[in-house]
$ cat final-v2.pdb   # PDB, C-alpha atoms
ATOM      1  CA  MET O 997     -51.851  31.275  -5.069
ATOM      2  CA  ILE O 998     -49.222  29.016  -3.558
ATOM      3  CA  LEU O 999     -46.036  31.053  -3.325
ATOM      4  CA  PHE O1000     -43.796  28.498  -1.803
ATOM      5  CA  GLY O1001     -43.217  24.866  -0.958
ATOM      6  CA  ARG O1002     -45.698  22.019  -0.954
ATOM      7  CA  VAL O1003     -49.457  22.410  -0.718
ATOM      8  CA  TYR O1004     -50.769  21.547   2.721
ATOM      9  CA  CYS O1005     -54.491  21.083   2.565
ATOM     10  CA  THR O1006     -55.132  20.204   6.159
ATOM     11  CA  GLN O1007     -58.066  21.729   7.915
ATOM     12  CA  GLN O1008     -55.746  23.142  10.557
ATOM     13  CA  THR O1009     -53.628  25.035   8.043
ATOM     14  CA  GLY O1010     -56.697  26.462   6.378
ATOM     15  CA  ALA O1011     -58.058  27.642   9.706
ATOM     16  CA  LEU O1012     -54.787  29.346  10.557
ATOM     17  CA  THR O1013     -54.575  31.039   7.175
ATOM     18  CA  ARG O1014     -58.134  32.360   7.496
ATOM     19  CA  GLY O1015     -57.308  33.529  10.990
ATOM     20  CA  MET O1016     -54.412  35.580   9.662
ATOM     21  CA  THR O1017     -56.718  37.564   7.413
ATOM     22  CA  LEU O1018     -59.116  38.306  10.283
ATOM     23  CA  ARG O1019     -56.664  39.369  12.944
ATOM     24  CA  ALA O1020     -53.665  41.538  12.139
ATOM     25  CA  ILE O1021     -50.502  41.170  14.130
ATOM     26  CA  GLN O1022     -49.492  44.210  16.085
ATOM     27  CA  ALA O1023     -45.847  44.659  15.136
ATOM     28  CA  ALA O1024     -44.992  46.393  18.374
ATOM     29  CA  ALA O1025     -46.851  43.994  20.602
ATOM     30  CA  ALA O1026     -44.701  42.986  23.524
ATOM     31  CA  ILE O1027     -44.703  39.578  25.148
ATOM     32  CA  THR O1028     -44.307  40.480  28.769
ATOM     33  CA  ASP O1029     -44.489  36.965  30.188
ATOM     34  CA  GLU O1030     -41.978  34.845  28.328
ATOM     35  CA  PRO O1031     -42.341  31.076  28.684
ATOM     36  CA  ASP O1032     -39.878  29.185  30.844
ATOM     37  CA  TRP O1033     -38.407  27.393  27.856
ATOM     38  CA  MET O1034     -37.259  30.697  26.348
ATOM     39  CA  ALA O1035     -34.725  31.324  29.112
ATOM     40  CA  ALA O1036     -33.495  27.729  28.953
ATOM     41  CA  PHE O1037     -33.096  27.931  25.177
ATOM     42  CA  LEU O1038     -31.203  31.231  25.347
ATOM     43  CA  ALA O1039     -28.951  29.751  28.027
ATOM     44  CA  SER O1040     -28.113  26.910  25.635
ATOM     45  CA  LEU O1041     -27.099  29.466  23.002
ATOM     46  CA  ALA O1042     -24.760  31.101  25.496
ATOM     47  CA  ARG O1043     -23.200  27.715  26.293
ATOM     48  CA  ASP O1044     -22.647  27.211  22.563
ATOM     49  CA  ASP O1045     -20.673  30.481  22.585
ATOM     50  CA  LEU O1046     -22.998  32.391  20.279
ATOM     51  CA  ALA O1047     -22.399  36.116  20.283
ATOM     52  CA  PRO O1048     -24.720  38.200  22.507
ATOM     53  CA  ALA O1049     -26.093  39.952  19.410
ATOM     54  CA  THR O1050     -26.962  36.577  17.887
ATOM     55  CA  GLN O1051     -28.716  35.518  21.074
ATOM     56  CA  ARG O1052     -30.732  38.735  21.077
ATOM     57  CA  GLY O1053     -31.632  38.119  17.433
ATOM     58  CA  TYR O1054     -32.977  34.630  18.182
ATOM     59  CA  ARG O1055     -34.992  36.000  21.087
ATOM     60  CA  TYR O1056     -36.461  38.783  18.941
ATOM     61  CA  ASP O1057     -37.431  36.371  16.152
ATOM     62  CA  LEU O1058     -39.028  33.905  18.566
ATOM     63  CA  ARG O1059     -41.016  36.718  20.172
ATOM     64  CA  HIS O1060     -42.299  37.630  16.720
ATOM     65  CA  PHE O1061     -43.427  34.044  16.151
ATOM     66  CA  LEU O1062     -45.181  33.961  19.535
ATOM     67  CA  ALA O1063     -46.959  37.244  18.750
ATOM     68  CA  TRP O1064     -48.179  35.767  15.440
ATOM     69  CA  HIS O1065     -49.282  32.570  17.176
ATOM     70  CA  ARG O1066     -51.319  34.530  19.724
ATOM     71  CA  SER O1067     -53.055  36.382  16.880
ATOM     72  CA  VAL O1068     -54.276  33.222  15.166
ATOM     73  CA  GLN O1069     -54.818  30.869  18.107
ATOM     74  CA  ASP O1070     -56.972  31.385  21.154
ATOM     75  CA  SER O1071     -55.022  28.880  23.234
ATOM     76  CA  THR O1072     -51.692  29.636  24.902
ATOM     77  CA  PHE O1073     -48.673  28.442  22.938
ATOM     78  CA  ALA O1074     -47.083  25.264  24.277
ATOM     79  CA  ILE O1075     -43.790  24.179  22.771
ATOM     80  CA  GLU O1076     -44.744  20.545  23.349
ATOM     81  CA  GLY O1077     -47.554  20.923  20.826
ATOM     82  CA  LEU O1078     -45.601  22.765  18.115
ATOM     83  CA  ALA O1079     -46.426  21.228  14.743
ATOM     84  CA  GLU O1080     -45.083  21.513  11.219
ATOM     85  CA  TYR O1081     -48.288  22.988   9.824
ATOM     86  CA  GLU O1082     -47.965  25.950  12.207
ATOM     87  CA  LEU O1083     -44.474  26.741  10.967
ATOM     88  CA  ILE O1084     -45.617  26.501   7.351
ATOM     89  CA  ALA O1085     -48.556  28.824   8.046
ATOM     90  CA  TYR O1086     -46.182  31.262   9.756
ATOM     91  CA  ARG O1087     -43.879  31.181   6.755
ATOM     92  CA  GLN O1088     -46.801  31.786   4.399
ATOM     93  CA  HIS O1089     -47.913  34.722   6.539
ATOM     94  CA  MET O1090     -44.497  36.353   6.263
ATOM     95  CA  VAL O1091     -44.400  35.788   2.504
ATOM     96  CA  ALA O1092     -47.875  37.271   2.093
ATOM     97  CA  ALA O1093     -46.838  40.234   4.248
ATOM     98  CA  GLY O1094     -44.011  40.970   1.819
ATOM     99  CA  ARG O1095     -41.129  40.125   4.133
ATOM    100  CA  ARG O1096     -37.768  39.847   2.413
ATOM    101  CA  PRO O1097     -36.512  36.277   1.868
ATOM    102  CA  ALA O1098     -33.568  36.964   4.176
ATOM    103  CA  THR O1099     -35.946  37.969   6.984
ATOM    104  CA  VAL O1100     -38.189  34.938   6.453
ATOM    105  CA  ASN O1101     -35.231  32.549   6.434
ATOM    106  CA  ARG O1102     -33.666  34.152   9.506
ATOM    107  CA  ARG O1103     -36.856  33.738  11.515
ATOM    108  CA  LEU O1104     -37.281  30.178  10.292
ATOM    109  CA  GLU O1105     -33.693  29.440  11.309
ATOM    110  CA  ALA O1106     -34.461  30.622  14.851
ATOM    111  CA  LEU O1107     -37.401  28.211  14.959
ATOM    112  CA  ARG O1108     -35.291  25.464  13.399
ATOM    113  CA  ARG O1109     -32.673  25.814  16.109
ATOM    114  CA  LEU O1110     -35.360  25.949  18.791
ATOM    115  CA  CYS O1111     -36.889  22.710  17.504
ATOM    116  CA  ARG O1112     -33.524  20.928  17.487
ATOM    117  CA  TRP O1113     -32.928  22.028  21.059
ATOM    118  CA  ALA O1114     -36.447  21.042  22.166
ATOM    119  CA  ARG O1115     -36.059  17.670  20.462
ATOM    120  CA  GLY O1116     -32.769  17.130  22.288
ATOM    121  CA  THR O1117     -34.273  17.993  25.667
ATOM    122  CA  GLY O1118     -37.314  15.797  25.113
ATOM    123  CA  MET O1119     -39.818  18.663  24.951
ATOM    124  CA  LEU O1120     -40.646  17.733  21.354
ATOM    125  CA  ALA O1121     -41.237  14.177  20.238
ATOM    126  CA  ALA O1122     -40.166  15.051  16.681
ATOM    127  CA  ASP O1123     -38.413  17.967  14.987
ATOM    128  CA  ALA O1124     -41.326  20.026  13.674
ATOM    129  CA  ALA O1125     -39.073  22.249  11.541
ATOM    130  CA  ARG O1126     -37.084  19.503   9.831
ATOM    131  CA  ASP O1127     -39.033  19.565   6.541
ATOM    132  CA  VAL O1128     -39.989  23.248   6.514
ATOM    133  CA  ARG O1129     -38.128  24.656   3.554
ATOM    134  CA  PRO O1130     -36.625  28.170   3.476
ATOM    135  CA  MET O1131     -37.314  30.684   0.740
ATOM    136  CA  ARG O1132     -34.966  30.445  -2.183
ATOM    137  CA  THR O1133     -32.698  33.423  -2.613
ATOM    138  CA  VAL O1134     -30.532  34.350  -5.558
ATOM    139  CA  ARG O1135     -27.365  36.232  -4.822
ATOM    140  CA  ASN O1136     -26.472  38.168  -7.957
ATOM    141  CA  GLN O1137     -23.587  40.226  -6.612
ATOM    142  CA  GLN O1138     -20.257  39.270  -5.134
ATOM    143  CA  PRO O1139     -19.611  39.646  -1.389
ATOM    144  CA  ALA O1140     -18.022  42.865  -0.220
ATOM    145  CA  GLY O1141     -14.323  42.842   0.566
ATOM    146  CA  LEU O1142     -11.872  45.507   1.665
ATOM    147  CA  THR O1143      -9.895  47.687  -0.705
ATOM    148  CA  ASP O1144      -6.093  47.738  -0.452
ATOM    149  CA  ILE O1145      -6.241  51.085   1.333
ATOM    150  CA  GLU O1146      -8.737  49.711   3.853
ATOM    151  CA  VAL O1147      -6.585  46.602   4.404
ATOM    152  CA  HIS O1148      -3.554  48.743   5.212
ATOM    153  CA  ALA O1149      -5.613  50.905   7.589
ATOM    154  CA  LEU O1150      -6.865  47.799   9.419
ATOM    155  CA  LEU O1151      -3.343  46.390   9.700
ATOM    156  CA  ARG O1152      -2.058  49.704  11.056
ATOM    157  CA  ALA O1153      -4.774  49.652  13.709
ATOM    158  CA  ALA O1154      -3.875  46.069  14.606
ATOM    159  CA  GLY O1155      -0.178  46.899  14.845
ATOM    160  CA  ALA O1156      -0.946  49.846  17.107
ATOM    161  CA  SER O1157      -2.988  47.806  19.600
ATOM    162  CA  SER O1158      -2.233  48.532  23.250
ATOM    163  CA  HIS O1159      -1.690  46.292  26.290
ATOM    164  CA  GLY O1160       0.902  44.167  24.495
ATOM    165  CA  LEU O1161      -1.653  42.833  21.984
ATOM    166  CA  ALA O1162      -0.168  44.391  18.837
ATOM    167  CA  ALA O1163       1.742  41.297  17.649
ATOM    168  CA  ARG O1164      -1.234  39.017  18.325
ATOM    169  CA  ASN O1165      -3.800  41.216  16.591
ATOM    170  CA  TYR O1166      -1.512  41.870  13.635
ATOM    171  CA  ALA O1167      -0.776  38.160  13.168
ATOM    172  CA  MET O1168      -4.443  37.235  13.511
ATOM    173  CA  VAL O1169      -5.591  39.772  10.911
ATOM    174  CA  GLN O1170      -2.793  38.802   8.520
ATOM    175  CA  LEU O1171      -3.616  35.107   8.855
ATOM    176  CA  MET O1172      -7.246  35.727   7.907
ATOM    177  CA  LEU O1173      -6.315  38.048   5.057
ATOM    178  CA  GLN O1174      -3.555  35.825   3.644
ATOM    179  CA  ALA O1175      -5.175  32.393   4.155
ATOM    180  CA  GLY O1176      -8.922  33.081   4.133
ATOM    181  CA  LEU O1177      -9.723  31.166   7.326
ATOM    182  CA  ARG O1178     -13.180  31.144   8.888
ATOM    183  CA  VAL O1179     -13.330  32.769  12.303
ATOM    184  CA  GLY O1180     -14.280  29.433  13.892
ATOM    185  CA  GLU O1181     -11.188  27.853  12.356
ATOM    186  CA  VAL O1182      -8.978  30.603  13.756
ATOM    187  CA  ALA O1183     -10.438  30.090  17.231
ATOM    188  CA  THR O1184      -9.551  26.375  17.276
ATOM    189  CA  LEU O1185      -5.977  26.694  16.024
ATOM    190  CA  ARG O1186      -3.195  25.282  18.165
ATOM    191  CA  ILE O1187       0.510  26.087  17.996
ATOM    192  CA  ALA O1188       1.051  22.625  16.516
ATOM    193  CA  ASP O1189      -1.171  23.565  13.568
ATOM    194  CA  ILE O1190       1.323  26.126  12.311
ATOM    195  CA  THR O1191       4.570  25.185  10.553
ATOM    196  CA  VAL O1192       6.776  28.086   9.502
ATOM    197  CA  SER O1193      10.249  28.128   7.944
ATOM    198  CA  ASP O1194      12.178  30.764   6.010
ATOM    199  CA  ARG O1195      10.817  29.706   2.635
ATOM    200  CA  SER O1196       7.523  27.938   3.346
ATOM    201  CA  GLY O1197       4.727  27.519   5.826
ATOM    202  CA  ILE O1198       1.456  25.677   6.373
ATOM    203  CA  VAL O1199      -1.588  26.118   8.568
ATOM    204  CA  ARG O1200      -3.519  22.923   9.266
ATOM    205  CA  ILE O1201      -7.273  23.116   9.747
ATOM    206  CA  ARG O1202      -8.188  19.990  11.702
ATOM    207  CA  HIS O1203     -11.943  20.504  11.910
ATOM    208  CA  GLY O1204     -13.248  22.892   9.290
ATOM    209  CA  LYS O1205     -16.872  23.266   8.281
ATOM    210  CA  GLY O1206     -18.407  19.828   8.039
ATOM    211  CA  LEU O1207     -15.508  18.488  10.135
ATOM    212  CA  LYS O1208     -13.290  18.506   7.039
ATOM    213  CA  ALA O1209      -9.529  18.932   7.386
ATOM    214  CA  ARG O1210      -7.317  20.848   4.975
ATOM    215  CA  GLN O1211      -3.917  22.487   4.714
ATOM    216  CA  ILE O1212      -3.297  26.013   3.475
ATOM    217  CA  PRO O1213       0.134  27.325   2.427
ATOM    218  CA  LEU O1214       1.330  30.451   4.187
ATOM    219  CA  ASN O1215       2.965  33.197   2.166
ATOM    220  CA  ALA O1216       5.913  35.289   3.351
ATOM    221  CA  THR O1217       3.687  38.020   4.849
ATOM    222  CA  ALA O1218       1.727  35.567   6.977
ATOM    223  CA  ARG O1219       4.885  33.694   8.000
ATOM    224  CA  ARG O1220       6.606  36.872   9.148
ATOM    225  CA  ALA O1221       3.618  38.023  11.216
ATOM    226  CA  LEU O1222       3.198  34.604  12.865
ATOM    227  CA  ARG O1223       6.917  34.298  13.571
ATOM    228  CA  GLN O1224       6.971  37.695  15.290
ATOM    229  CA  TYR O1225       3.966  36.759  17.376
ATOM    230  CA  HIS O1226       5.515  33.401  18.301
ATOM    231  CA  GLU O1227       8.790  35.035  19.333
ATOM    232  CA  GLU O1228       6.929  37.478  21.569
ATOM    233  CA  ARG O1229       5.199  34.571  23.323
ATOM    234  CA  GLN O1230       8.427  32.657  23.964
ATOM    235  CA  GLY O1231       8.991  31.885  27.613
ATOM    236  CA  SER O1232       5.294  31.788  28.524
ATOM    237  CA  GLY O1233       5.338  28.050  29.118
ATOM    238  CA  GLN O1234       3.463  27.225  25.932
ATOM    239  CA  ASP O1235       3.428  23.776  24.349
ATOM    240  CA  LYS O1236       2.229  22.494  20.990
ATOM    241  CA  ASP O1237      -1.315  21.925  22.256
ATOM    242  CA  THR O1238      -1.651  25.514  23.483
ATOM    243  CA  ALA O1239      -4.128  27.742  21.637
ATOM    244  CA  LEU O1240      -2.423  29.834  18.971
ATOM    245  CA  PHE O1241      -4.289  33.039  19.767
ATOM    246  CA  VAL O1242      -4.858  33.780  23.434
ATOM    247  CA  SER O1243      -6.381  36.599  25.441
ATOM    248  CA  SER O1244      -4.541  38.901  27.815
ATOM    249  CA  ARG O1245      -5.318  36.278  30.482
ATOM    250  CA  ASP O1246      -3.500  33.644  28.400
ATOM    251  CA  THR O1247      -6.684  31.710  27.641
ATOM    252  CA  ALA O1248      -7.928  30.626  24.203
ATOM    253  CA  MET O1249      -9.914  33.308  22.389
ATOM    254  CA  PRO O1250     -13.477  32.188  21.596
ATOM    255  CA  VAL O1251     -15.185  33.143  18.351
ATOM    256  CA  ARG O1252     -17.107  36.075  19.780
ATOM    257  CA  THR O1253     -13.914  37.579  21.235
ATOM    258  CA  ILE O1254     -12.145  37.380  17.881
ATOM    259  CA  GLN O1255     -15.168  38.972  16.246
ATOM    260  CA  ALA O1256     -15.115  41.744  18.828
ATOM    261  CA  VAL O1257     -11.414  42.380  18.200
ATOM    262  CA  ILE O1258     -11.957  42.700  14.431
ATOM    263  CA  THR O1259     -14.920  45.035  14.960
ATOM    264  CA  SER O1260     -12.889  47.185  17.353
ATOM    265  CA  LEU O1261      -9.936  47.362  14.944
ATOM    266  CA  ALA O1262     -12.223  48.350  12.064
ATOM    267  CA  ARG O1263     -13.716  51.102  14.214
ATOM    268  CA  ARG O1264     -10.254  52.401  15.120
ATOM    269  CA  ALA O1265      -9.261  52.254  11.449
ATOM    270  CA  ARG O1266     -12.419  54.284  10.652
ATOM    271  CA  LEU O1267     -13.637  51.812   8.068
ATOM    272  CA  LYS O1268     -17.207  52.797   7.240
ATOM    273  CA  ARG O1269     -17.759  51.822   3.593
ATOM    274  CA  VAL O1270     -18.776  48.263   4.536
ATOM    275  CA  ALA O1271     -19.578  46.568   7.822
ATOM    276  CA  VAL O1272     -16.331  44.813   8.715
ATOM    277  CA  SER O1273     -16.368  41.406  10.390
ATOM    278  CA  ALA O1274     -14.016  38.445  10.456
ATOM    279  CA  HIS O1275     -15.883  37.057   7.443
ATOM    280  CA  THR O1276     -15.145  40.267   5.523
ATOM    281  CA  LEU O1277     -11.469  39.349   5.749
ATOM    282  CA  ARG O1278     -12.249  35.929   4.244
ATOM    283  CA  HIS O1279     -14.123  37.648   1.406
ATOM    284  CA  THR O1280     -11.159  39.992   0.914
ATOM    285  CA  PHE O1281      -8.811  37.018   0.611
ATOM    286  CA  ALA O1282     -11.039  35.269  -1.947
ATOM    287  CA  LEU O1283     -11.570  38.365  -4.092
ATOM    288  CA  GLY O1284      -7.863  39.174  -4.015
ATOM    289  CA  TYR O1285      -6.925  35.610  -4.956
ATOM    290  CA  LEU O1286      -9.125  35.654  -8.069
ATOM    291  CA  ARG O1287      -7.890  39.105  -8.995
ATOM    292  CA  ASP O1288      -4.294  37.859  -8.886
ATOM    293  CA  ASN O1289      -5.109  34.401 -10.301
ATOM    294  CA  PRO O1290      -7.961  34.797 -12.815
ATOM    295  CA  GLY O1291      -9.960  31.663 -13.492
ATOM    296  CA  LYS O1292      -8.479  29.560 -10.681
ATOM    297  CA  LEU O1293     -11.833  28.755  -9.122
ATOM    298  CA  VAL O1294     -11.008  25.125  -8.270
ATOM    299  CA  GLU O1295      -7.867  26.194  -6.447
ATOM    300  CA  LEU O1296      -9.752  28.863  -4.495
ATOM    301  CA  ALA O1297     -12.448  26.359  -3.506
ATOM    302  CA  SER O1298      -9.729  24.086  -2.120
ATOM    303  CA  LEU O1299      -8.189  26.913  -0.103
ATOM    304  CA  LEU O1300     -11.546  28.026   1.292
ATOM    305  CA  GLY O1301     -12.713  24.497   2.088
ATOM    306  CA  HIS O1302     -15.770  24.649  -0.184
ATOM    307  CA  ASP O1303     -17.445  21.418  -1.269
ATOM    308  CA  SER O1304     -19.134  22.966  -4.278
ATOM    309  CA  LEU O1305     -17.782  25.323  -6.917
ATOM    310  CA  ASP O1306     -21.201  26.960  -6.916
ATOM    311  CA  THR O1307     -20.377  28.328  -3.465
ATOM    312  CA  THR O1308     -17.022  29.674  -4.616
ATOM    313  CA  ALA O1309     -18.514  31.130  -7.800
ATOM    314  CA  ILE O1310     -20.127  33.978  -5.855
ATOM    315  CA  TYR O1311     -16.723  35.669  -5.998
ATOM    316  CA  THR O1312     -16.834  35.748  -9.810
ATOM    317  CA  ARG O1313     -20.087  37.696  -9.887
ATOM    318  CA  PRO O1314     -19.983  41.406 -10.632
ATOM    319  CA  SER O1315     -19.816  43.864  -7.784
ATOM    320  CA  ARG O1316     -22.164  46.796  -7.460
ATOM    321  CA  ASP O1317     -19.326  49.135  -8.420
ATOM    322  CA  ASP O1318     -18.570  47.043 -11.522
ATOM    323  CA  LEU O1319     -22.190  47.221 -12.653
ATOM    324  CA  ALA O1320     -22.347  50.960 -11.992
ATOM    325  CA  ALA O1321     -19.171  51.533 -14.013
ATOM    326  CA  ASP O1322     -20.523  49.468 -16.928
ATOM    327  CA  LEU O1323     -23.747  51.470 -17.018
ATOM    328  CA  GLU O1324     -21.838  54.740 -16.754
ATOM    329  CA  HIS O1325     -19.991  53.823 -19.968
ATOM    330  CA  SER O1326     -23.175  52.903 -21.810
ATOM    331  CA  HIS O1327     -23.542  54.585 -25.241
ATOM    332  CA  LEU O1328     -27.047  55.585 -24.128
ATOM    333  CA  ASN O1329     -25.660  57.627 -21.240
ATOM    334  CA  VAL O1330     -25.637  60.943 -23.062
ATOM    335  CA  ASP O1331     -24.755  63.029 -19.964
ATOM    336  CA  ARG O1332     -21.385  61.422 -19.339
TER     337      ARG O1332
END
$ encode --input "final-v2.pdb" --output "structure tokens"
Amino acid sequence: MILFGRVYCTQQTGALTRGMTLRAIQAAAAITDEPDWMAAFLASLARDDLAPATQRGYRYDLRHFLAWHRSVQDSTFAIEGLAEYELIAYRQHMVAAGRRPATVNRRLEALRRLCRWARGTGMLAADAARDVRPMRTVRNQQPAGLTDIEVHALLRAAGASSHGLAARNYAMVQLMLQAGLRVGEVATLRIADITVSDRSGIVRIRHGKGLKARQIPLNATARRALRQYHEERQGSGQDKDTALFVSSRDTAMPVRTIQAVITSLARRARLKRVAVSAHTLRHTFALGYLRDNPGKLVELASLLGHDSLDTTAIYTRPSRDDLAADLEHSHLNVDR
């Protein structure tokens, strides 16, 4: 049975598929001698400022692919010979093994990024992963956001930050909570991108996702936090092209540093119900906006920088708690 994608009836694919049934992959098999290209590829991820955990994830997923390749091919893997049919066979193996769609797509994404890098360096003549489709996933529940109590706990932790970072951390958290910015957008903000007055304010996103620009109004809470942070930085020789959020060394904060700050604040606030990241704050903004402005999906999409309302519509889906509450009130629930 074909579970996924197009039917590839090449002799090579058939041979690989038969090989998978004859030789099982040892899940704990270690690849002790990593190829030279692995180190070069991981170094490129570091230059692109990917978080260390993300780099480790790519390495783990590529090691899994290499272990599978060794189990179905007698020859040593050479990146120069990587072909589309191998990636499709690998995907089919994971599907047949019952891997979750998220796991399959994550491992395919590691290979997709590897192929783009190898194509750019000349190791691959063509991108072998370009037409390899991911598994379709259906998200039937809304993303997790923070409750009001959790928001206040996070803001208290930010305001209590040491080493003179309280105003910065508080303003950064408030900006993400009140404007719903992506962490990458926060990292690229300059002082010139913020306009604040007593009664209005705007944050300008020059290069959002897809290199799209947009402007987001700032409410009184965000304006007050940014004004306090700006006043604390006065006299540091800043100009309009200076990064808005800087480290203790007065250098622009990269994405992974902002992520680390949010994670540290969540830990200090003892938030354990959900895993808190910078994107959790964006989800919190979106869920709060629809709660306060029911039905305004088009407006929310504009604020978030979404091209499609289908993307924004995930915030209208029921949460796990909503579904549990509905079932608890069912007339068939005789033990309530």
$ atom_distance --input "final-v2.pdb" --atom1 "CA of Ala1271 (chain O)" --atom2 "CA of Thr1259 (chain O)"
8.7 Å
$ residues_around --input "final-v2.pdb" --residues "Leu1277 (chain O)" --least-positions-apart "5" --cutoff "12 Å" --atoms "only C-alpha atoms" --output "ChimeraX atom specification"
/O:1139-1144,1146-1147,1150-1151,1168-1179,1255,1258-1259,1262,1270-1272,1282-1284
$ atom_distance --input "final-v2.pdb" --atom1 "CA of Asp1235 (chain O)" --atom2 "CA of Ala1042 (chain O)"
29.1 Å
$ closest_residue --input "final-v2.pdb" --among "O:His1089, O:His1279, O:Arg1102, O:Arg1219" --to "Asp1057 (chain O)" --atoms "all atoms listed in the file"
O:Arg1102
$ closest_residue --input "final-v2.pdb" --among "O:Gly1118, O:Leu1107, O:Pro1130, O:Ala1125" --to "Val1091 (chain O)" --atoms "only C-alpha atoms"
O:Pro1130
$ atom_distance --input "final-v2.pdb" --atom1 "CA of Leu1286 (chain O)" --atom2 "CA of Phe1241 (chain O)"
28.4 Å
$ residues_around --input "final-v2.pdb" --residues "Ala1248 (chain O)" --least-positions-apart "4" --cutoff "9 Å" --atoms "all atoms listed in the file" --output "number ranges by chain"
O: 1183-1184, 1238-1243
$ write_last_selection --input "final-v2.pdb" --atoms "C-alpha atoms" --output "PDB file, in the frame of the given file"
ATOM      1  CA  ALA O1183     -10.438  30.090  17.231  1.00  0.00           C
ATOM      2  CA  THR O1184      -9.551  26.375  17.276  1.00  0.00           C
ATOM      3  CA  THR O1238      -1.651  25.514  23.483  1.00  0.00           C
ATOM      4  CA  ALA O1239      -4.128  27.742  21.637  1.00  0.00           C
ATOM      5  CA  LEU O1240      -2.423  29.834  18.971  1.00  0.00           C
ATOM      6  CA  PHE O1241      -4.289  33.039  19.767  1.00  0.00           C
ATOM      7  CA  VAL O1242      -4.858  33.780  23.434  1.00  0.00           C
ATOM      8  CA  SER O1243      -6.381  36.599  25.441  1.00  0.00           C
TER       9      SER O1243
END
$ resolve_selection --input "final-v2.pdb" --expression "the PyMOL selection byres ((chain O and resi 1157) around 12)" --output "list in words"
Leu1150, Leu1151, Arg1152, Ala1153, Ala1154, Gly1155, Ala1156, Ser1158, His1159, Gly1160, Leu1161, Ala1162, Ala1163, Arg1164, Asn1165, Tyr1166, Ala1167, Val1257, Ile1258, Ser1260, Leu1261, Ala1262, Arg1264 and Ala1265 of chain O
$ resolve_selection --input "final-v2.pdb" --expression "the PyMOL selection byres ((chain O and resi 1100) around 9)" --output "JSON list (two decimals) with C-alpha atoms, keeping the file's coordinate frame"
[["chain", "number", "residue", "atom", "x", "y", "z"],
["O", 1087, "ARG", "CA", -43.88, 31.18, 6.76],
["O", 1090, "MET", "CA", -44.50, 36.35, 6.26],
["O", 1091, "VAL", "CA", -44.40, 35.79, 2.50],
["O", 1095, "ARG", "CA", -41.13, 40.12, 4.13],
["O", 1096, "ARG", "CA", -37.77, 39.85, 2.41],
["O", 1097, "PRO", "CA", -36.51, 36.28, 1.87],
["O", 1098, "ALA", "CA", -33.57, 36.96, 4.18],
["O", 1099, "THR", "CA", -35.95, 37.97, 6.98],
["O", 1101, "ASN", "CA", -35.23, 32.55, 6.43],
["O", 1102, "ARG", "CA", -33.67, 34.15, 9.51],
["O", 1103, "ARG", "CA", -36.86, 33.74, 11.52],
["O", 1104, "LEU", "CA", -37.28, 30.18, 10.29],
["O", 1105, "GLU", "CA", -33.69, 29.44, 11.31],
["O", 1130, "PRO", "CA", -36.62, 28.17, 3.48],
["O", 1131, "MET", "CA", -37.31, 30.68, 0.74]]
$ residues_around --input "final-v2.pdb" --residues "His1203 (chain O)" --least-positions-apart "3" --cutoff "12 Å" --atoms "only C-alpha atoms" --output "list in words"
Leu1177, Arg1178, Gly1180, Glu1181, Val1182, Ala1183, Thr1184, Leu1185, Arg1186, Asp1189, Arg1200, Gly1206, Leu1207, Lys1208, Ala1209, Arg1210, Gln1211 and Gly1301 of chain O
$ closest_residue --input "final-v2.pdb" --among "O:Arg1115, O:Arg1195, O:Lys1236, O:Arg1202" --to "Arg1220 (chain O)" --atoms "only C-alpha atoms"
O:Arg1195
$ axis_aligned_box --input "final-v2.pdb" --around "region 1225-1244 of chain O" --padding-each-side "5 Å" --output "JSON"
{"center_x": 1.3, "center_y": 30.4, "center_z": 23.2, "size_x": 25.4, "size_y": 27.0, "size_z": 21.7}
$ resolve_selection --input "final-v2.pdb" --expression "the PyMOL selection byres ((chain O and resi 1296) around 12)" --output "ChimeraX atom specification"
/O:1175-1176,1212,1278-1279,1281-1295,1297-1312
$ residues_around --input "final-v2.pdb" --residues "region 1028-1040 of chain O" --least-positions-apart "3" --cutoff "7 Å" --atoms "only C-alpha atoms" --output "count of residues only"
3
$ closest_residue --input "final-v2.pdb" --among "O:Leu1078, O:His1226, O:Ala1218, O:Arg1132" --to "Ala1188 (chain O)" --atoms "all atoms listed in the file"
O:His1226
$ closest_residue --input "final-v2.pdb" --among "O:Glu1324, O:Asp1317, O:Asp1127, O:Asp1045" --to "Ala1079 (chain O)" --atoms "only C-alpha atoms"
O:Asp1127
